[in-house]
$ cat structure-v4.txt   # compact mmCIF, C-alpha atoms
# COMPACT_ATOMS: atom_id res chain seq x y z
CA MET A 1 14.63 23.24 106.40
CA SER A 2 13.29 20.60 108.77
CA ARG A 3 14.89 17.16 109.04
CA THR A 4 11.72 15.46 107.76
CA LEU A 5 11.64 17.73 104.73
CA LYS A 6 15.29 16.99 104.00
CA ILE A 7 14.64 13.25 104.13
CA ILE A 8 11.59 13.53 101.84
CA LEU A 9 13.59 15.68 99.45
CA THR A 10 16.52 13.27 99.38
CA LEU A 11 14.23 10.26 98.82
CA ASN A 12 12.46 11.98 95.95
CA LEU A 13 15.71 12.90 94.26
CA LEU A 14 17.01 9.37 94.73
CA VAL A 15 13.89 7.98 93.06
CA LEU A 16 14.45 10.36 90.15
CA ALA A 17 18.08 9.27 89.90
CA VAL A 18 17.04 5.61 89.78
CA LEU A 19 14.40 6.38 87.13
CA THR A 20 17.03 8.23 85.07
CA PHE A 21 19.28 5.18 84.96
CA ALA A 22 16.38 2.76 84.44
CA TYR A 23 14.64 4.77 81.73
CA PRO A 24 17.30 7.05 80.20
CA HIS A 25 15.40 7.36 76.91
CA LEU A 26 12.45 8.90 78.76
CA MET A 27 14.32 10.88 81.39
CA VAL A 28 17.19 12.42 79.41
CA GLY A 29 16.86 11.27 75.79
CA PRO A 30 16.04 14.18 73.45
CA GLY A 31 13.09 12.51 71.75
CA LYS A 32 12.37 9.23 70.01
CA LEU A 33 14.91 7.41 67.87
CA ILE A 34 14.09 6.51 64.28
CA PRO A 35 12.10 3.25 64.00
CA GLY A 36 15.16 1.35 62.76
CA HIS A 37 17.03 2.19 65.98
CA LYS A 38 14.17 1.42 68.34
CA GLN A 39 15.99 -1.53 69.88
CA LEU A 40 18.76 0.88 70.95
CA ASP A 41 16.32 3.03 72.95
CA THR A 42 17.76 2.25 76.37
CA ASP A 43 21.34 1.68 75.26
CA CYS A 44 22.67 5.23 74.87
CA PHE A 45 26.26 4.10 74.58
CA ALA A 46 25.49 1.94 71.55
CA CYS A 47 26.01 5.19 69.60
CA HIS A 48 27.41 7.72 72.10
CA VAL A 49 30.86 7.88 73.59
CA ALA A 50 30.97 9.61 76.97
CA PHE A 51 31.77 13.33 76.68
CA THR A 52 32.50 13.22 72.93
CA GLY A 53 29.08 12.49 71.46
CA VAL A 54 28.13 10.14 68.67
CA ALA A 55 31.10 8.26 67.25
CA SER A 56 31.11 7.39 63.55
CA PRO A 57 33.00 4.10 64.11
CA LYS A 58 30.06 3.01 66.28
CA CYS A 59 27.68 3.75 63.40
CA ALA A 60 30.00 1.90 61.02
CA SER A 61 30.01 -1.17 63.24
CA CYS A 62 26.45 -1.80 61.97
CA HIS A 63 26.32 0.34 58.84
CA LYS A 64 29.34 -0.81 56.82
CA PRO A 65 30.34 2.15 54.61
CA ALA A 66 30.88 -0.14 51.63
CA ASP A 67 27.31 -1.43 51.93
CA ILE A 68 25.41 1.79 52.60
CA GLY A 69 22.80 2.33 49.91
CA ARG A 70 23.27 -1.23 48.65
CA LEU A 71 22.75 -3.65 51.50
CA THR A 72 20.83 -3.38 54.75
CA VAL A 73 22.57 -3.95 58.09
CA SER A 74 21.37 -7.55 57.92
CA GLY A 75 23.02 -8.00 54.52
CA ALA A 76 19.87 -8.03 52.37
CA PRO A 77 19.71 -5.83 49.25
CA VAL A 78 18.08 -2.45 49.90
CA ALA A 79 14.55 -2.76 48.53
CA LYS A 80 13.75 0.94 48.19
CA PRO A 81 16.95 2.97 48.11
CA LEU A 82 16.55 6.61 49.14
CA THR A 83 18.97 7.74 46.44
CA SER A 84 19.33 6.48 42.88
CA VAL A 85 22.99 5.58 43.42
CA ALA A 86 25.06 4.59 46.41
CA PHE A 87 27.47 7.41 47.20
CA HIS A 88 28.66 6.91 50.78
CA GLN A 89 31.63 4.98 49.40
CA GLU A 90 32.76 8.19 47.66
CA LEU A 91 32.88 10.38 50.78
CA ILE A 92 36.18 11.93 51.86
CA SER A 93 35.58 11.01 55.51
CA GLN A 94 33.14 8.97 57.53
CA ASP A 95 31.58 11.70 59.67
CA CYS A 96 28.03 10.41 60.02
CA VAL A 97 26.58 13.22 62.17
CA ALA A 98 27.72 15.83 59.66
CA CYS A 99 24.59 14.86 57.72
CA HIS A 100 22.55 12.52 59.92
CA SER A 101 20.78 12.95 63.23
CA ASP A 102 18.48 10.65 65.07
CA HIS A 103 16.59 11.79 68.18
CA ALA A 104 13.42 13.68 67.21
CA GLY A 105 14.42 16.63 69.39
CA VAL A 106 17.80 16.92 67.65
CA LYS A 107 16.46 16.46 64.12
CA ARG A 108 14.59 19.73 64.55
CA TYR A 109 17.89 21.62 64.31
CA HIS A 110 19.25 19.71 61.32
CA PHE A 111 19.00 20.89 57.74
CA LYS A 112 16.50 18.78 55.87
CA GLY A 113 17.32 17.33 52.46
CA PHE A 114 20.70 18.98 52.38
CA PHE A 115 23.69 17.24 50.87
CA ASP A 116 27.09 18.89 50.88
CA HIS A 117 28.91 17.97 47.68
CA SER A 118 32.20 19.09 49.21
CA LEU A 119 32.11 15.87 51.24
CA LEU A 120 32.65 13.89 48.05
CA LYS A 121 36.05 12.88 46.78
CA LYS A 122 37.27 15.41 44.20
CA GLN A 123 37.18 13.07 41.23
CA THR A 124 33.66 11.95 42.17
CA SER A 125 32.33 15.48 42.64
CA GLU A 126 33.48 16.31 39.11
CA ARG A 127 31.54 13.43 37.60
CA CYS A 128 28.02 14.78 38.11
CA GLN A 129 26.44 12.16 35.87
CA ALA A 130 27.72 9.38 38.09
CA CYS A 131 24.85 10.33 40.39
CA HIS A 132 22.61 12.72 38.47
CA LYS A 133 20.78 12.38 35.16
CA ALA A 134 21.07 15.32 32.80
CA PRO A 135 17.71 17.05 32.21
CA ALA A 136 16.00 15.73 29.08
CA ASP A 137 15.26 19.14 27.55
CA ALA A 138 16.82 20.24 24.27
CA LEU A 139 19.18 22.70 25.91
CA HIS A 140 20.81 20.20 28.24
CA GLN A 141 20.85 17.33 25.77
CA GLN A 142 23.28 19.17 23.51
CA ILE A 143 25.68 20.14 26.29
CA THR A 144 28.72 18.06 26.98
CA GLY A 145 31.13 18.48 29.84
CA ASN A 146 30.68 19.24 33.49
CA CYS A 147 27.48 20.76 34.89
CA SER A 148 29.60 23.26 36.81
CA GLN A 149 29.95 25.26 33.60
CA CYS A 150 26.57 26.76 34.49
CA HIS A 151 25.49 25.27 37.84
CA THR A 152 27.04 25.28 41.29
CA GLN A 153 27.17 22.31 43.65
CA GLN A 154 25.27 24.26 46.28
CA LYS A 155 22.15 24.90 44.19
CA TRP A 156 20.94 23.71 40.80
CA THR A 157 19.14 27.00 40.26
CA PRO A 158 19.87 29.72 39.50
CA ALA A 159 22.36 28.61 36.86
CA ASN A 160 25.08 31.06 35.96
CA PHE A 161 24.53 30.65 32.23
CA ALA A 162 25.67 33.98 30.72
CA HIS A 163 23.35 34.88 27.88
CA ASP A 164 25.50 37.97 27.22
CA ASN A 165 28.25 35.70 25.91
CA TYR A 166 25.92 34.99 22.99
CA PHE A 167 23.59 37.97 22.84
CA ALA A 168 23.03 40.80 25.34
CA LEU A 169 19.41 41.08 26.36
CA ASP A 170 19.11 44.86 26.55
CA ARG A 171 15.84 46.67 27.25
CA ASP A 172 14.71 46.27 23.63
CA HIS A 173 15.28 42.53 23.91
CA SER A 174 13.81 41.71 27.30
CA ALA A 175 11.42 39.25 25.67
CA THR A 176 10.25 35.87 26.86
CA CYS A 177 12.56 32.96 25.96
CA VAL A 178 10.10 31.49 23.46
CA THR A 179 10.10 34.69 21.39
CA CYS A 180 13.53 33.69 20.11
CA HIS A 181 13.76 30.03 21.19
CA VAL A 182 10.57 28.69 19.67
CA GLY A 183 9.14 25.75 21.58
CA ASN A 184 11.80 26.22 24.29
CA ASP A 185 14.33 24.67 21.97
CA TYR A 186 17.50 26.39 23.14
CA SER A 187 19.62 24.79 20.44
CA ARG A 188 18.01 27.13 17.93
CA TYR A 189 16.93 30.71 17.85
CA THR A 190 15.23 33.13 15.50
CA CYS A 191 15.32 36.91 15.31
CA TYR A 192 12.21 36.97 13.19
CA GLY A 193 9.91 36.34 16.17
CA CYS A 194 9.82 40.10 16.59
CA HIS A 195 7.96 42.44 14.22
CA GLU A 196 11.02 44.70 14.07
CA HIS A 197 13.02 42.15 12.12
CA THR A 198 11.45 40.85 8.94
CA GLN A 199 13.30 38.62 6.53
CA THR A 200 12.76 41.11 3.67
CA ASN A 201 14.21 44.06 5.59
CA ILE A 202 17.17 42.12 6.92
CA ARG A 203 18.03 40.75 3.47
CA ARG A 204 17.83 44.18 1.88
CA GLU A 205 19.97 45.89 4.51
CA HIS A 206 22.68 43.23 4.39
CA VAL A 207 22.81 42.98 0.59
CA GLU A 208 23.17 46.75 0.43
CA GLU A 209 26.30 46.35 2.55
CA GLY A 210 27.55 43.52 0.40
CA ILE A 211 26.97 40.90 3.08
CA ARG A 212 25.79 37.65 1.62
CA GLN A 213 25.83 35.34 4.64
CA PHE A 214 23.53 36.63 7.33
CA ASN A 215 21.80 33.51 8.56
CA ASN A 216 23.50 33.49 11.96
CA CYS A 217 22.69 36.95 13.33
CA VAL A 218 24.57 36.66 16.64
CA GLU A 219 27.81 35.85 14.89
CA CYS A 220 28.13 39.58 14.20
CA HIS A 221 25.44 41.15 16.37
CA ARG A 222 26.17 40.40 20.03
CA SER A 223 23.70 43.03 21.21
CA GLY A 224 20.88 45.23 19.91
CA ASN A 225 23.34 48.09 19.37
CA LYS A 226 23.57 48.53 15.58
CA HIS A 227 27.03 50.08 15.95
CA ASP A 228 28.36 47.15 17.93
CA ILE A 229 28.96 44.78 15.04
CA LYS A 230 31.79 42.30 15.07
CA GLY A 231 33.51 40.75 12.05
CA GLY A 232 32.49 37.44 10.53
CA GLU A 233 31.02 38.63 7.31
CA GLY A 234 30.28 35.82 4.93
CA ARG A 235 30.89 33.11 7.51
CA HIS A 236 28.20 30.73 8.53
CA GLY A 237 27.85 29.89 12.20
CA GLU A 238 28.87 26.39 13.11
CA ASP A 239 27.79 26.13 16.69
CA ARG A 240 24.28 27.47 16.37
CA GLU A 241 21.72 27.10 13.71
CA HIS A 242 19.44 29.90 12.65
CA ASP A 243 15.87 29.36 11.45
CA MET B 1 -10.04 39.37 101.12
CA LYS B 2 -10.33 43.14 100.86
CA SER B 3 -10.06 44.69 97.41
CA SER B 4 -7.08 46.84 98.51
CA LEU B 5 -4.96 43.76 99.23
CA TRP B 6 -5.79 42.46 95.77
CA ARG B 7 -5.16 45.78 94.04
CA GLU B 8 -2.04 46.78 95.91
CA HIS B 9 -0.26 43.47 96.26
CA VAL B 10 -1.78 40.57 94.35
CA LEU B 11 -2.34 42.41 91.08
CA PRO B 12 1.27 43.67 90.65
CA PHE B 13 2.49 40.18 91.53
CA THR B 14 0.16 38.65 88.94
CA LEU B 15 1.23 41.20 86.33
CA LEU B 16 4.95 40.51 86.84
CA LEU B 17 4.34 36.77 86.65
CA GLY B 18 2.15 37.31 83.56
CA LEU B 19 4.94 39.39 82.03
CA LEU B 20 7.32 36.45 82.48
CA ALA B 21 4.86 34.15 80.70
CA ALA B 22 4.18 36.68 77.94
CA ALA B 23 7.90 37.40 77.41
CA THR B 24 8.54 33.65 77.18
CA LEU B 25 5.85 33.15 74.55
CA ALA B 26 6.95 36.25 72.63
CA GLY B 27 10.61 35.16 72.70
CA ASP B 28 9.75 31.66 71.53
CA TYR B 29 7.49 33.03 68.79
CA LEU B 30 10.15 35.47 67.55
CA LEU B 31 12.86 32.81 67.44
CA HIS B 32 10.59 30.58 65.36
CA ARG B 33 9.48 33.46 63.14
CA LEU B 34 13.06 34.60 62.48
CA ASN B 35 14.22 31.02 61.94
CA LEU B 36 16.54 31.33 64.94
CA VAL B 37 15.33 28.34 66.93
CA TRP B 38 18.95 27.25 67.38
CA VAL B 39 19.54 30.39 69.50
CA GLY B 40 16.98 29.12 72.00
CA ARG B 41 18.93 25.89 72.19
CA TYR B 42 21.87 27.79 73.72
CA MET B 43 19.90 30.27 75.86
CA GLY B 44 19.92 27.78 78.72
CA ILE B 45 23.62 28.54 79.25
CA PRO B 46 23.41 32.32 79.94
CA GLY B 47 20.14 31.74 81.80
CA THR B 48 21.77 29.23 84.12
CA LEU B 49 24.82 31.47 84.61
CA LEU B 50 22.55 34.38 85.56
CA ILE B 51 20.73 32.24 88.10
CA ILE B 52 24.01 30.95 89.53
CA GLY B 53 25.38 34.51 89.71
CA SER B 54 22.28 35.75 91.51
CA LEU B 55 22.87 33.14 94.22
CA TYR B 56 25.58 35.42 95.60
CA TYR B 57 22.78 37.20 97.44
CA SER B 58 21.74 33.92 99.10
CA ALA B 59 25.32 33.38 100.23
CA ARG B 60 25.50 36.97 101.53
CA LYS B 61 22.21 36.56 103.36
CA ARG B 62 23.53 33.49 105.16
CA LYS B 63 26.80 35.30 105.88
CA TRP B 64 28.84 32.77 103.88
CA VAL B 65 30.35 35.82 102.21
CA SER B 66 30.72 39.27 103.72
CA ARG B 67 31.17 41.59 100.76
CA GLY B 68 28.37 43.49 99.01
CA ASP B 69 25.37 45.60 99.99
CA PRO B 70 22.55 43.16 100.85
CA LYS B 71 19.85 45.44 99.43
CA SER B 72 21.63 45.83 96.08
CA LEU B 73 22.38 42.12 96.03
CA LEU B 74 18.70 41.36 96.63
CA THR B 75 17.74 43.55 93.68
CA MET B 76 20.37 41.76 91.58
CA HIS B 77 19.05 38.40 92.82
CA GLU B 78 15.48 39.30 91.82
CA PHE B 79 16.45 40.67 88.44
CA GLY B 80 18.99 37.93 87.67
CA THR B 81 16.67 35.08 88.55
CA TRP B 82 13.74 36.63 86.65
CA LEU B 83 15.81 37.19 83.50
CA GLY B 84 17.64 33.87 83.89
CA SER B 85 14.31 32.07 84.27
CA LEU B 86 13.03 33.82 81.16
CA MET B 87 16.04 32.57 79.19
CA VAL B 88 15.67 29.04 80.55
CA LEU B 89 11.94 29.07 79.73
CA ILE B 90 12.66 30.17 76.16
CA HIS B 91 15.37 27.49 76.04
CA ALA B 92 12.78 24.92 77.10
CA GLY B 93 10.34 26.26 74.49
CA VAL B 94 7.44 24.00 73.78
CA HIS B 95 9.53 20.98 72.87
CA PHE B 96 8.81 18.11 75.19
CA ASN B 97 11.66 15.67 74.71
CA ALA B 98 12.80 14.35 78.08
CA ILE B 99 11.19 14.25 81.51
CA LEU B 100 14.17 15.36 83.63
CA PRO B 101 14.67 18.81 82.09
CA TRP B 102 10.94 19.42 82.17
CA LEU B 103 10.78 18.57 85.86
CA ALA B 104 13.66 21.01 86.31
CA THR B 105 11.69 23.66 84.42
CA VAL B 106 8.61 23.09 86.56
CA ALA B 107 10.72 23.26 89.73
CA MET B 108 12.28 26.49 88.48
CA GLY B 109 8.82 27.92 87.82
CA VAL B 110 7.65 27.06 91.34
CA ASN B 111 10.87 28.57 92.66
CA VAL B 112 10.29 31.83 90.80
CA VAL B 113 6.69 32.06 92.01
CA SER B 114 7.67 31.36 95.62
CA GLY B 115 10.45 33.96 95.41
CA MET B 116 8.04 36.54 94.01
CA VAL B 117 5.49 35.72 96.70
CA GLY B 118 8.17 36.39 99.30
CA LYS B 119 9.26 39.60 97.66
CA MET B 120 5.98 41.16 96.58
CA LEU B 121 3.24 39.74 98.75
CA LEU B 122 4.27 38.32 102.05
CA GLY B 123 5.74 41.35 103.85
CA GLN B 124 3.15 43.83 102.69
CA SER B 125 0.29 41.40 103.21
CA ARG B 126 1.42 40.62 106.74
CA ALA B 127 1.53 44.35 107.49
CA HIS B 128 -1.83 44.80 105.80
CA VAL B 129 -3.53 42.06 107.89
CA GLN B 130 -1.93 43.37 111.08
CA GLY B 131 -3.14 46.89 110.24
CA GLU B 132 -6.63 45.58 109.68
CA ARG B 133 -6.57 43.75 113.02
CA GLU B 134 -5.47 46.91 114.84
CA ARG B 135 -8.13 48.96 113.06
CA PHE B 136 -10.89 46.56 114.12
CA GLN B 137 -9.53 46.41 117.69
CA LEU B 138 -9.61 50.21 117.87
CA ARG B 139 -13.29 50.03 116.87
CA GLY B 140 -13.83 47.95 119.97
CA LEU B 141 -14.44 44.55 118.33
CA SER B 142 -13.68 41.47 120.37
CA LYS B 143 -10.75 39.22 119.48
CA THR B 144 -13.08 36.63 117.91
CA GLU B 145 -14.86 39.31 115.89
CA VAL B 146 -11.52 40.71 114.71
CA GLU B 147 -10.39 37.25 113.56
CA GLN B 148 -13.69 36.77 111.74
CA ALA B 149 -13.30 40.14 110.02
CA VAL B 150 -9.81 39.38 108.75
CA PHE B 151 -10.53 35.69 108.09
CA TRP B 152 -10.02 35.64 104.30
CA ASP B 153 -7.01 37.93 104.46
CA ALA B 154 -5.52 35.59 107.08
CA VAL B 155 -6.23 32.57 104.84
CA ALA B 156 -4.51 34.28 101.90
CA LEU B 157 -1.59 35.20 104.14
CA GLY B 158 -1.29 31.59 105.30
CA ALA B 159 -1.19 30.37 101.71
CA MET B 160 1.50 32.93 100.87
CA THR B 161 3.56 31.83 103.86
CA GLN B 162 3.47 28.27 102.56
CA TRP B 163 4.67 29.46 99.13
CA ARG B 164 7.53 31.30 100.80
CA LYS B 165 8.49 28.21 102.78
CA VAL B 166 8.99 26.08 99.68
CA HIS B 167 11.49 28.54 98.16
CA ILE B 168 14.62 26.86 99.48
CA PRO B 169 13.50 23.18 99.26
CA ILE B 170 12.19 23.64 95.73
CA PHE B 171 15.43 25.40 94.81
CA VAL B 172 17.33 22.32 95.95
CA VAL B 173 15.08 20.17 93.74
CA PHE B 174 15.55 22.57 90.83
CA ALA B 175 19.33 22.65 91.30
CA VAL B 176 19.63 18.85 91.40
CA LEU B 177 17.35 18.32 88.37
CA ALA B 178 19.08 21.07 86.40
CA LEU B 179 22.44 19.57 87.29
CA GLY B 180 21.21 16.18 86.08
CA HIS B 181 20.11 17.76 82.79
CA ILE B 182 23.43 19.60 82.37
CA LEU B 183 25.45 16.48 83.20
CA SER B 184 23.47 14.44 80.69
CA ILE B 185 24.21 17.07 78.03
CA PHE B 186 27.92 16.99 78.85
CA LEU B 187 27.84 13.21 78.76
CA PHE B 188 26.08 12.77 75.42
CA TRP B 189 26.74 15.97 73.46
CA GLY B 190 29.10 15.82 70.49
CA TRP B 191 31.90 18.00 71.89
CA ALA B 192 34.56 16.46 69.69
$ encode --input "structure-v4.txt" --output "structure tokens"
Amino acid sequence: MSRTLKIILTLNLLVLAVLTFAYPHLMVGPGKLIPGHKQLDTDCFACHVAFTGVASPKCASCHKPADIGRLTVSGAPVAKPLTSVAFHQELISQDCVACHSDHAGVKRYHFKGFFDHSLLKKQTSERCQACHKAPADALHQQITGNCSQCHTQQKWTPANFAHDNYFALDRDHSATCVTCHVGNDYSRYTCYGCHEHTQTNIRREHVEEGIRQFNNCVECHRSGNKHDIKGGEGRHGEDREHD
Amino acid sequence: MKSSLWREHVLPFTLLLGLLAAATLAGDYLLHRLNLVWVGRYMGIPGTLLIIGSLYYSARKRKWVSRGDPKSLLTMHEFGTWLGSLMVLIHAGVHFNAILPWLATVAMGVNVVSGMVGKMLLGQSRAHVQGERERFQLRGLSKTEVEQAVFWDAVALGAMTQWRKVHIPIFVVFAVLALGHILSIFLFWGWA
């Protein structure tokens, strides 16, 4: 390499080095910051700590954990909260980058719209209704207790509601929900939605056996197998009402 | 330029360069299709290590080290830099975020092309032009007539020589820019 070429090369690289320090957001920044952080564009160390990345205490110096979701960094009430309730106060640790990212080039690798419930304090994670509203349908309105009886904290659907605990849906009973739960009212059911079971036939068969109370079918019949009949003769179901 | 020079030297060179571009696009497409974009994010590391490893040939060539068969090392250098460049190109993807790493990528691209020119075109082309000159001289053409006959080949050869000359300087540029990119990652990445 000639001396002139070496000098030109060195000068060019020096110019690039100067540009990198003068315009770090353009030269090394992985994409634009969110609009709210625009004023931090050229101040990398407002959020980053050398060789360890983004430090949560630096985030918290502006975003007070107690105020997140309630007040803006300037102290004004949040006009349009992104979530219906403030929950950052209920987190087990303040690890901001576990959920948040900023630079456009980094956001690409982050999960979108994902919230990890395991980051909540135990007592908070068990009180689903502190953050969520129960669905307004008839099925959910009658249920008390924790949602985790049927749902996981990873996904709302599919729910692990076990229909077999009430009645096994064998191949003769693979009907649509509304066949038995008329109008999608899951607090009630009827077995007479099917032509196989008529009120006259059912009454006759049960009276022949000396069974007088047969309003709540599933109390004795937990499947379509006519030989799989449990006790309960004469008792009327308390938890479910039969049409 | 005679068609034989194109067919025998320029075309294979173009194909190998095209293969690098096609493999880059295919790799990037597959990573996106398989939802494995994050893999591309880390492919810069093995790519860089391959390129660094292939520099052993350069050290051997300059007698900074004495071990290793130069011919085998050259093959390793060519293969390592081609594959390493492919990984770095996939790592770069189509995401334009910062200027410094993109300048490094461009410098790397120029470096690869200049290396391939040196390997695939320059030697053979020089021999080809010299052979043509000798053939015309044997026909009894004057020196001026010979130079006129091989004019376009000579122009192409001159251009190739220039490409070859930039191999080392552009590598220095690539190395410095890549180092800047790597340092910035070390400085700002969340290692903790």
$ interface_residues --input "structure-v4.txt" --of "chain A" --to "chain B" --cutoff "12 Å" --atoms "only C-alpha atoms" --output "PyMOL selection string"
chain A and resi 1-21+23-33+44-56+95-98+101+103-111
$ residues_near_point --input "structure-v4.txt" --point "(11.1, 29.2, 65.4)" --cutoff "12 Å" --atoms "all atoms listed in the file" --output "PyMOL selection string"
(chain A and resi 108-109) or (chain B and resi 25-41+90-91+93-95)
$ residues_around --input "structure-v4.txt" --residues "A:Phe115" --least-positions-apart "4" --cutoff "9 Å" --atoms "all atoms listed in the file" --output "mmCIF file with C-alpha atoms, keeping the file's coordinate frame"
data_model
loop_
_atom_site.group_PDB
_atom_site.id
_atom_site.type_symbol
_atom_site.label_atom_id
_atom_site.label_comp_id
_atom_site.auth_asym_id
_atom_site.auth_seq_id
_atom_site.Cartn_x
_atom_site.Cartn_y
_atom_site.Cartn_z
ATOM 1 C CA CYS A 99 24.590 14.860 57.720
ATOM 2 C CA LEU A 119 32.110 15.870 51.240
ATOM 3 C CA GLN A 154 25.270 24.260 46.280
#
$ atom_distance --input "structure-v4.txt" --atom1 "atom CA of B:Ala175" --atom2 "atom CA of B:Ile51"
10.2 Å
$ atom_distance --input "structure-v4.txt" --atom1 "atom CA of A:Cys59" --atom2 "atom CA of A:Ala130"
25.9 Å
$ atom_distance --input "structure-v4.txt" --atom1 "atom CA of B:Gly118" --atom2 "atom CA of B:Gly158"
12.2 Å
$ residues_around --input "structure-v4.txt" --residues "B:Gly80" --least-positions-apart "5" --cutoff "10 Å" --atoms "only C-alpha atoms" --output "MDAnalysis selection string"
chainID B and resid 47:55 73:75 85:86
$ axis_aligned_box --input "structure-v4.txt" --around "stretch 136-155 of chain A" --padding-each-side "6 Å" --output "AutoDock Vina command-line options"
--center_x 23.2 --center_y 21.2 --center_z 34.9 --size_x 27.9 --size_y 23.0 --size_z 34.8
$ residues_around --input "structure-v4.txt" --residues "B:Arg164" --least-positions-apart "2" --cutoff "7 Å" --atoms "only C-alpha atoms" --output "PyMOL selection string"
chain B and resi 114-115+117-118+160-162+166-167
$ residues_around --input "structure-v4.txt" --residues "A:Ser223" --least-positions-apart "5" --cutoff "8 Å" --atoms "all atoms listed in the file" --output "PyMOL selection string"
chain A and resi 167-170+218+228
$ closest_residue --input "structure-v4.txt" --among "B:Asp153, B:Glu134, B:Glu78, B:Glu147" --to "B:Leu16" --atoms "only C-alpha atoms"
B:Glu78
$ residues_around --input "structure-v4.txt" --residues "B:Gln130" --least-positions-apart "2" --cutoff "12 Å" --atoms "only C-alpha atoms" --output "list in words"
Gly123, Gln124, Ser125, Arg126, Ala127, His128, Glu132, Arg133, Glu134, Arg135, Phe136, Gln137, Val146, Glu147, Ala149, Val150, Phe151, Asp153, Ala154 and Leu157 of chain B
